[in-house]
file model.tsv (TSV, C-alpha atoms and all ligand atoms)
chain	number	residue	atom	x	y	z
A	713	MET	CA	0.00	0.00	0.00
A	714	LYS	CA	1.24	3.50	-0.84
A	715	LYS	CA	2.23	5.75	2.05
A	716	SER	CA	-0.18	8.53	3.03
A	717	PHE	CA	0.91	12.03	2.16
A	718	GLY	CA	0.24	15.33	3.94
A	719	ILE	CA	1.06	18.71	2.43
A	720	ILE	CA	1.41	21.89	4.46
A	721	GLY	CA	0.94	24.76	2.03
A	722	ALA	CA	-1.51	24.73	-0.88
A	723	GLY	CA	0.16	27.24	-3.17
A	724	ASN	CA	2.24	26.81	-6.32
A	725	ILE	CA	4.60	24.15	-5.05
A	726	GLY	CA	2.14	22.23	-2.84
A	727	LYS	CA	-0.40	21.90	-5.66
A	728	THR	CA	2.26	20.94	-8.21
A	729	ILE	CA	3.63	18.10	-6.08
A	730	ALA	CA	0.10	17.02	-5.14
A	731	ALA	CA	-0.73	16.66	-8.84
A	732	HIS	CA	2.25	14.35	-9.44
A	733	LEU	CA	1.35	12.24	-6.40
A	734	LEU	CA	-2.31	11.93	-7.38
A	735	LYS	CA	-1.39	10.99	-10.95
A	736	ASN	CA	0.60	8.11	-9.49
A	737	GLY	CA	-2.07	6.73	-7.19
A	738	TYR	CA	-1.26	8.45	-3.89
A	739	THR	CA	-3.88	10.07	-1.69
A	740	VAL	CA	-3.05	13.57	-0.56
A	741	LYS	CA	-4.20	15.63	2.40
A	742	ILE	CA	-3.49	19.26	1.72
A	743	SER	CA	-3.71	22.30	4.01
A	744	ASN	CA	-3.22	26.03	4.14
A	745	SER	CA	-3.18	28.44	7.10
A	746	LYS	CA	-6.97	28.79	7.16
A	747	ASP	CA	-10.09	26.66	7.43
A	748	PRO	CA	-9.95	23.64	5.03
A	749	GLY	CA	-13.21	24.92	3.48
A	750	THR	CA	-11.18	27.69	1.81
A	751	LEU	CA	-9.49	24.98	-0.32
A	752	LYS	CA	-12.71	23.88	-2.08
A	753	GLU	CA	-11.53	25.09	-5.51
A	754	THR	CA	-8.08	23.59	-5.04
A	755	ILE	CA	-9.60	20.19	-4.23
A	756	GLU	CA	-11.89	20.39	-7.27
A	757	LEU	CA	-8.87	21.21	-9.41
A	758	LEU	CA	-6.73	18.40	-7.98
A	759	GLY	CA	-9.52	15.84	-8.31
A	760	ASN	CA	-9.90	12.33	-6.91
A	761	GLY	CA	-7.68	11.41	-3.98
A	762	ALA	CA	-7.19	14.95	-2.65
A	763	THR	CA	-8.74	16.09	0.64
A	764	ALA	CA	-8.55	19.48	2.36
A	765	VAL	CA	-7.49	19.29	6.00
A	766	THR	CA	-5.95	21.44	8.71
A	767	ALA	CA	-2.15	21.67	8.85
A	768	GLY	CA	-2.26	19.56	12.03
A	769	GLU	CA	-4.17	16.80	10.19
A	770	ALA	CA	-1.77	16.95	7.23
A	771	ALA	CA	1.08	16.47	9.69
A	772	GLU	CA	-0.42	13.10	10.75
A	773	ALA	CA	0.38	11.48	7.37
A	774	ASP	CA	3.23	8.98	6.83
A	775	ILE	CA	5.16	11.58	4.83
A	776	VAL	CA	4.72	15.32	5.37
A	777	LEU	CA	5.74	17.92	2.79
A	778	LEU	CA	6.57	21.48	3.83
A	779	ALA	CA	5.37	23.74	1.01
A	780	LEU	CA	4.80	26.96	2.92
A	781	PRO	CA	6.85	30.16	3.12
A	782	TRP	CA	10.08	29.50	5.02
A	783	LYS	CA	9.39	32.29	7.51
A	784	ASN	CA	6.12	30.53	8.48
A	785	VAL	CA	7.70	27.21	9.43
A	786	LYS	CA	8.03	28.55	12.98
A	787	ASN	CA	4.20	28.64	13.11
A	788	ILE	CA	3.90	24.85	12.71
A	789	THR	CA	6.29	23.83	15.49
A	790	SER	CA	3.45	22.80	17.80
A	791	ILE	CA	0.82	21.40	15.43
A	792	THR	CA	1.96	17.80	16.04
A	793	ASN	CA	4.64	15.73	17.72
A	794	TRP	CA	7.32	15.78	15.00
A	795	ASN	CA	9.45	13.09	16.61
A	796	ASN	CA	10.36	10.42	14.02
A	797	LYS	CA	8.17	11.87	11.27
A	798	ILE	CA	9.51	11.86	7.73
A	799	VAL	CA	9.32	15.48	6.60
A	800	ILE	CA	10.25	16.67	3.12
A	801	ASP	CA	11.45	20.26	3.26
A	802	ALA	CA	10.67	21.97	-0.06
A	803	THR	CA	11.02	25.46	1.38
A	804	ASN	CA	13.55	28.09	0.35
A	805	HIS	CA	14.64	30.73	2.83
A	806	PHE	CA	13.59	33.73	0.77
A	807	ILE	CA	12.21	36.47	3.01
A	808	SER	CA	11.16	39.12	0.50
A	809	PRO	CA	9.60	39.30	-2.97
A	810	ASP	CA	12.95	40.52	-4.35
A	811	MET	CA	14.54	37.19	-3.36
A	812	GLN	CA	16.50	38.33	-0.30
A	813	VAL	CA	17.40	35.41	1.95
A	814	ALA	CA	17.45	35.14	5.72
A	815	ASP	CA	20.86	35.37	7.38
A	816	LEU	CA	21.38	31.87	8.81
A	817	GLY	CA	25.00	32.15	9.88
A	818	ASP	CA	26.73	28.83	9.14
A	819	SER	CA	23.53	26.77	9.12
A	820	SER	CA	21.75	25.47	6.06
A	821	SER	CA	18.07	26.42	5.83
A	822	SER	CA	16.94	22.84	6.47
A	823	GLU	CA	19.07	22.67	9.62
A	824	VAL	CA	17.07	25.65	10.88
A	825	VAL	CA	13.86	23.82	9.90
A	826	GLN	CA	15.19	20.77	11.77
A	827	ASP	CA	15.59	22.87	14.92
A	828	LEU	CA	12.01	24.15	14.55
A	829	LEU	CA	10.55	20.62	14.20
A	830	PRO	CA	12.29	18.62	16.94
A	831	GLY	CA	12.88	14.95	16.15
A	832	ALA	CA	11.61	15.16	12.56
A	833	ARG	CA	13.56	13.17	9.98
A	834	ILE	CA	14.09	15.98	7.49
A	835	VAL	CA	14.84	15.34	3.85
A	836	LYS	CA	15.40	18.42	1.74
A	837	ALA	CA	13.86	17.86	-1.71
A	838	PHE	CA	11.58	19.40	-4.37
A	839	ASN	CA	12.95	22.90	-3.64
A	840	THR	CA	15.28	23.50	-6.59
A	841	LEU	CA	12.95	23.66	-9.61
A	842	PHE	CA	10.59	26.48	-10.50
A	843	PHE	CA	7.08	25.08	-10.03
A	844	LYS	CA	6.23	25.39	-13.74
A	845	ILE	CA	9.23	23.18	-14.59
A	846	LEU	CA	8.43	20.79	-11.77
A	847	ALA	CA	4.90	20.50	-13.17
A	848	LEU	CA	6.11	19.12	-16.52
A	849	ASN	CA	6.21	15.42	-17.36
A	850	PRO	CA	9.33	14.20	-15.49
A	851	VAL	CA	10.18	11.81	-18.33
A	852	GLU	CA	12.05	13.60	-21.13
A	853	GLY	CA	13.45	11.68	-24.07
A	854	ASN	CA	15.29	8.69	-22.62
A	855	GLY	CA	15.72	10.22	-19.17
A	856	ASP	CA	14.03	11.34	-15.97
A	857	ARG	CA	14.13	14.82	-14.44
A	858	VAL	CA	16.50	15.00	-11.46
A	859	LEU	CA	15.38	15.89	-7.94
A	860	PHE	CA	18.13	16.42	-5.38
A	861	ILE	CA	17.79	15.11	-1.84
A	862	SER	CA	19.79	15.81	1.31
A	863	GLY	CA	19.35	14.60	4.86
A	864	GLU	CA	20.88	12.86	7.86
A	865	ASP	CA	18.53	9.88	8.18
A	866	PRO	CA	19.31	7.08	5.66
A	867	GLU	CA	15.94	5.37	6.11
A	868	ALA	CA	14.02	8.61	5.56
A	869	LYS	CA	16.13	9.33	2.47
A	870	ALA	CA	15.41	5.82	1.15
A	871	VAL	CA	11.66	6.38	1.59
A	872	VAL	CA	11.82	9.75	-0.19
A	873	SER	CA	14.03	8.34	-2.98
A	874	GLU	CA	11.52	5.56	-3.56
A	875	LEU	CA	8.70	8.10	-3.68
A	876	ILE	CA	10.61	10.28	-6.15
A	877	ASN	CA	11.25	7.25	-8.38
A	878	ASP	CA	7.64	6.20	-8.06
A	879	ILE	CA	6.37	9.53	-9.44
A	880	GLY	CA	8.79	9.41	-12.38
A	881	PHE	CA	11.73	11.58	-11.28
A	882	ALA	CA	15.37	10.59	-10.67
A	883	PRO	CA	16.64	11.18	-7.10
A	884	VAL	CA	20.25	12.32	-6.66
A	885	ASP	CA	21.56	12.14	-3.08
A	886	LEU	CA	23.82	15.05	-2.11
A	887	GLY	CA	24.59	13.91	1.44
A	888	SER	CA	23.88	15.77	4.67
A	889	LEU	CA	21.68	18.81	5.34
A	890	ALA	CA	24.83	20.77	6.21
A	891	LYS	CA	26.62	20.02	2.92
A	892	GLY	CA	24.04	18.89	0.35
A	893	GLY	CA	21.37	21.14	1.82
A	894	LYS	CA	23.57	24.17	1.18
A	895	LEU	CA	24.19	23.09	-2.42
A	896	GLN	CA	20.50	22.81	-3.20
A	897	GLN	CA	19.05	25.66	-1.10
A	898	ALA	CA	18.25	29.23	-2.15
A	899	LYS	CA	21.34	30.98	-3.58
A	900	GLY	CA	23.13	27.60	-3.76
A	901	PRO	CA	24.74	26.42	-7.02
A	902	LEU	CA	22.05	23.82	-7.80
A	903	LEU	CA	19.00	26.08	-7.46
A	904	LEU	CA	16.96	26.12	-10.70
A	905	LEU	CA	19.22	23.55	-12.35
A	906	ASN	CA	17.01	21.38	-14.56
A	907	LEU	CA	18.84	18.12	-15.25
A	908	ILE	CA	17.72	14.95	-16.99
A	909	LYS	CA	19.34	11.67	-15.88
A	910	LEU	CA	19.81	9.34	-18.84
A	1001	LIG	N1	7.11	28.67	-6.35
A	1001	LIG	C1	8.17	27.91	-6.70
A	1001	LIG	O1	8.47	27.76	-7.90
A	1001	LIG	C2	8.94	27.21	-5.64
A	1001	LIG	C3	9.88	26.26	-6.03
A	1001	LIG	C4	10.59	25.56	-5.06
A	1001	LIG	C5	10.38	25.83	-3.71
A	1001	LIG	N2	9.48	26.79	-3.34
A	1001	LIG	C6	9.30	27.05	-1.91
A	1001	LIG	O2	8.07	26.43	-1.54
A	1001	LIG	C7	7.43	27.19	-0.50
A	1001	LIG	C8	6.04	27.57	-0.99
A	1001	LIG	O3	6.17	28.37	-2.16
A	1001	LIG	P1	4.91	28.67	-3.10
A	1001	LIG	O4	5.42	29.37	-4.26
A	1001	LIG	O5	4.10	27.44	-3.24
A	1001	LIG	O6	4.11	29.71	-2.16
A	1001	LIG	P2	2.60	30.18	-2.27
A	1001	LIG	O7	2.07	29.91	-3.64
A	1001	LIG	O8	2.58	31.57	-1.74
A	1001	LIG	O9	1.82	29.21	-1.25
A	1001	LIG	C9	2.14	29.18	0.10
A	1001	LIG	C10	1.12	28.31	0.80
A	1001	LIG	O10	1.53	28.13	2.16
A	1001	LIG	C11	0.38	28.28	2.98
A	1001	LIG	N3	0.75	28.61	4.36
A	1001	LIG	C12	1.32	29.74	4.83
A	1001	LIG	N4	1.49	29.63	6.17
A	1001	LIG	C13	0.98	28.42	6.53
A	1001	LIG	C14	0.83	27.75	7.77
A	1001	LIG	N5	1.27	28.31	8.91
A	1001	LIG	N6	0.25	26.53	7.77
A	1001	LIG	C15	-0.20	25.97	6.62
A	1001	LIG	N7	-0.08	26.55	5.42
A	1001	LIG	C16	0.51	27.77	5.38
A	1001	LIG	C17	-0.40	29.39	2.30
A	1001	LIG	O11	-1.72	29.36	2.77
A	1001	LIG	P3	-2.58	30.71	2.99
A	1001	LIG	O12	-3.15	31.05	1.66
A	1001	LIG	O13	-3.60	30.28	3.98
A	1001	LIG	O14	-1.62	31.74	3.52
A	1001	LIG	C18	-0.29	28.91	0.85
A	1001	LIG	O15	-1.24	27.90	0.57
A	1001	LIG	C19	8.33	28.39	-0.24
A	1001	LIG	O16	9.16	28.11	0.84
A	1001	LIG	C20	9.14	28.51	-1.52
A	1001	LIG	O17	10.39	29.14	-1.33
A	1001	LIG	C21	8.75	27.47	-4.28

call {"tool": "encode", "arguments": {"input": "model.tsv", "output": "structure tokens"}}
result
Amino acid sequence: MKKSFGIIGAGNIGKTIAAHLLKNGYTVKISNSKDPGTLKETIELLGNGATAVTAGEAAEADIVLLALPWKNVKNITSITNWNNKIVIDATNHFISPDMQVADLGDSSSSEVVQDLLPGARIVKAFNTLFFKILALNPVEGNGDRVLFISGEDPEAKAVVSELINDIGFAPVDLGSLAKGGKLQQAKGPLLLLNLIKL
């Protein structure tokens, strides 16, 4: 049986990833910061298998995707017990419309997210491609579109890699949140890189 999937953030990136999951037979619980009733149109657009829930309910799924503004991650610290949860961090630490980033000192943005969600098994993924590129068919010619992953927990990374394969993309493991996370995060060298793995 496929793992259940909860998405926190129902904007460009949340809806795009939800569409890939639904196309591949997953069920998706998706949330925004308001009452789930405000997502009626989004659910109609996504179709069968999508349900609107609160962020707390989305966080109960087997795999939880963070698809909300980075500065709002601090608001979801207490919506569930994050201990041991597999959490995909698709956020980028932009803090203004003109793409300024938060000053994180030596930390990568996902290490900061890790501190905000104690015990979560964070895998950084789905953050590097513009949502309109991410929305395209991941199979191009003889290859699959690459999605980078970084994280400390090998089992969580294996689960996310399997998921990425399952929806037609090619996972490429960059290592830890400290090293790989920095390569793939906002202002890193891999941001917006659209690669096809042959
Ligand atoms: N857009 C891209 O191409 C792209 C690509 C890669 C990564 N990202 C990253 O993905 C994240 C989302 O970007 P986006 O472009 O999808 O943003 P967006 O279109 O503005 O959507 C943000 C969503 O997050 C929800 N949200 C905000 N605070 C929340 C909370 N406390 N609990 C639950 N939901 C909350 C918003 O709901 P409300 O309407 O209720 O506020 C909205 O549905 C950002 O961190 C961004 O850097 C974006």

call {"tool": "residues_near_ligand", "arguments": {"input": "model.tsv", "ligand": "ligand LIG 1001 (chain A)", "cutoff": "9 Å", "atoms": "all atoms listed in the file", "output": "MDAnalysis selection string"}}
result
chainID A and resid 719:728 742:747 750:751 766:768 778:788 801:807 837:846 898 903:904

call {"tool": "write_last_selection", "arguments": {"input": "model.tsv", "atoms": "C-alpha atoms", "output": "short mmCIF file (atom, residue, chain, number, x, y, z; two decimals), in the frame of the given file"}}
result
data_model
loop_
_atom_site.label_atom_id
_atom_site.label_comp_id
_atom_site.auth_asym_id
_atom_site.auth_seq_id
_atom_site.Cartn_x
_atom_site.Cartn_y
_atom_site.Cartn_z
CA ILE A 719 1.06 18.71 2.43
CA ILE A 720 1.41 21.89 4.46
CA GLY A 721 0.94 24.76 2.03
CA ALA A 722 -1.51 24.73 -0.88
CA GLY A 723 0.16 27.24 -3.17
CA ASN A 724 2.24 26.81 -6.32
CA ILE A 725 4.60 24.15 -5.05
CA GLY A 726 2.14 22.23 -2.84
CA LYS A 727 -0.40 21.90 -5.66
CA THR A 728 2.26 20.94 -8.21
CA ILE A 742 -3.49 19.26 1.72
CA SER A 743 -3.71 22.30 4.01
CA ASN A 744 -3.22 26.03 4.14
CA SER A 745 -3.18 28.44 7.10
CA LYS A 746 -6.97 28.79 7.16
CA ASP A 747 -10.09 26.66 7.43
CA THR A 750 -11.18 27.69 1.81
CA LEU A 751 -9.49 24.98 -0.32
CA THR A 766 -5.95 21.44 8.71
CA ALA A 767 -2.15 21.67 8.85
CA GLY A 768 -2.26 19.56 12.03
CA LEU A 778 6.57 21.48 3.83
CA ALA A 779 5.37 23.74 1.01
CA LEU A 780 4.80 26.96 2.92
CA PRO A 781 6.85 30.16 3.12
CA TRP A 782 10.08 29.50 5.02
CA LYS A 783 9.39 32.29 7.51
CA ASN A 784 6.12 30.53 8.48
CA VAL A 785 7.70 27.21 9.43
CA LYS A 786 8.03 28.55 12.98
CA ASN A 787 4.20 28.64 13.11
CA ILE A 788 3.90 24.85 12.71
CA ASP A 801 11.45 20.26 3.26
CA ALA A 802 10.67 21.97 -0.06
CA THR A 803 11.02 25.46 1.38
CA ASN A 804 13.55 28.09 0.35
CA HIS A 805 14.64 30.73 2.83
CA PHE A 806 13.59 33.73 0.77
CA ILE A 807 12.21 36.47 3.01
CA ALA A 837 13.86 17.86 -1.71
CA PHE A 838 11.58 19.40 -4.37
CA ASN A 839 12.95 22.90 -3.64
CA THR A 840 15.28 23.50 -6.59
CA LEU A 841 12.95 23.66 -9.61
CA PHE A 842 10.59 26.48 -10.50
CA PHE A 843 7.08 25.08 -10.03
CA LYS A 844 6.23 25.39 -13.74
CA ILE A 845 9.23 23.18 -14.59
CA LEU A 846 8.43 20.79 -11.77
CA ALA A 898 18.25 29.23 -2.15
CA LEU A 903 19.00 26.08 -7.46
CA LEU A 904 16.96 26.12 -10.70
#

call {"tool": "atom_distance", "arguments": {"input": "model.tsv", "atom1": "CA of Leu848 in chain A", "atom2": "CA of Leu907 in chain A"}}
result
12.8 Å

call {"tool": "atom_distance", "arguments": {"input": "model.tsv", "atom1": "CA of Glu874 in chain A", "atom2": "CA of Lys715 in chain A"}}
result
10.9 Å

call {"tool": "atom_distance", "arguments": {"input": "model.tsv", "atom1": "CA of Ser716 in chain A", "atom2": "CA of Val765 in chain A"}}
result
13.3 Å

call {"tool": "residues_around", "arguments": {"input": "model.tsv", "residues": "Pro866 in chain A", "least_positions_apart": "6", "cutoff": "10 Å", "atoms": "all atoms listed in the file", "output": "number ranges by chain"}}
result
A: 833, 835, 872, 887-888

call {"tool": "closest_residue", "arguments": {"input": "model.tsv", "among": "A:Ala731, A:Ala868, A:Ile879, A:Ile861", "to": "Leu895 in chain A", "atoms": "all atoms listed in the file"}}
result
A:Ile861

call {"tool": "closest_atom_pairs", "arguments": {"input": "model.tsv", "of": "range 719-777 of chain A", "to": "range 790-799 of chain A", "cutoff": "7 Å", "atoms": "all atoms listed in the file", "output": "Markdown table"}}
result
| residue | atom | partner | partner_atom | distance |
| --- | --- | --- | --- | --- |
| A:Gly768 | CA | A:Ile791 | CA | 4.9 |
| A:Ala771 | CA | A:Thr792 | CA | 6.5 |
| A:Asp774 | CA | A:Ile798 | CA | 7.0 |
| A:Ile775 | CA | A:Ile798 | CA | 5.2 |
| A:Val776 | CA | A:Val799 | CA | 4.8 |
| A:Leu777 | CA | A:Val799 | CA | 5.8 |

call {"tool": "residues_around", "arguments": {"input": "model.tsv", "residues": "Ile908 in chain A", "least_positions_apart": "2", "cutoff": "6 Å", "atoms": "only C-alpha atoms", "output": "VMD selection string"}}
result
chain A and resid 855 to 858

call {"tool": "write_last_selection", "arguments": {"input": "model.tsv", "atoms": "C-alpha atoms", "output": "PDB file, in the coordinates of the input"}}
result
ATOM      1  CA  GLY A 855      15.720  10.220 -19.170  1.00  0.00           C
ATOM      2  CA  ASP A 856      14.030  11.340 -15.970  1.00  0.00           C
ATOM      3  CA  ARG A 857      14.130  14.820 -14.440  1.00  0.00           C
ATOM      4  CA  VAL A 858      16.500  15.000 -11.460  1.00  0.00           C
TER       5      VAL A 858
END

call {"tool": "axis_aligned_box", "arguments": {"input": "model.tsv", "around": "range 838-855 of chain A", "padding_each_side": "8 Å", "output": "JSON"}}
result
{"center_x": 10.3, "center_y": 17.6, "center_z": -13.9, "size_x": 26.8, "size_y": 33.8, "size_z": 36.4}

call {"tool": "residues_around", "arguments": {"input": "model.tsv", "residues": "Lys891 in chain A", "least_positions_apart": "6", "cutoff": "12 Å", "atoms": "all atoms listed in the file", "output": "number ranges by chain"}}
result
A: 818-823, 836, 861-864, 885, 897, 900-901

call {"tool": "closest_residue", "arguments": {"input": "model.tsv", "among": "A:Ala882, A:Leu875, A:Leu758, A:Val824", "to": "Lys894 in chain A", "atoms": "only C-alpha atoms"}}
result
A:Val824

call {"tool": "closest_residue", "arguments": {"input": "model.tsv", "among": "A:Thr789, A:Gln826, A:Asn736, A:Gln812", "to": "Phe881 in chain A", "atoms": "all atoms listed in the file"}}
result
A:Asn736
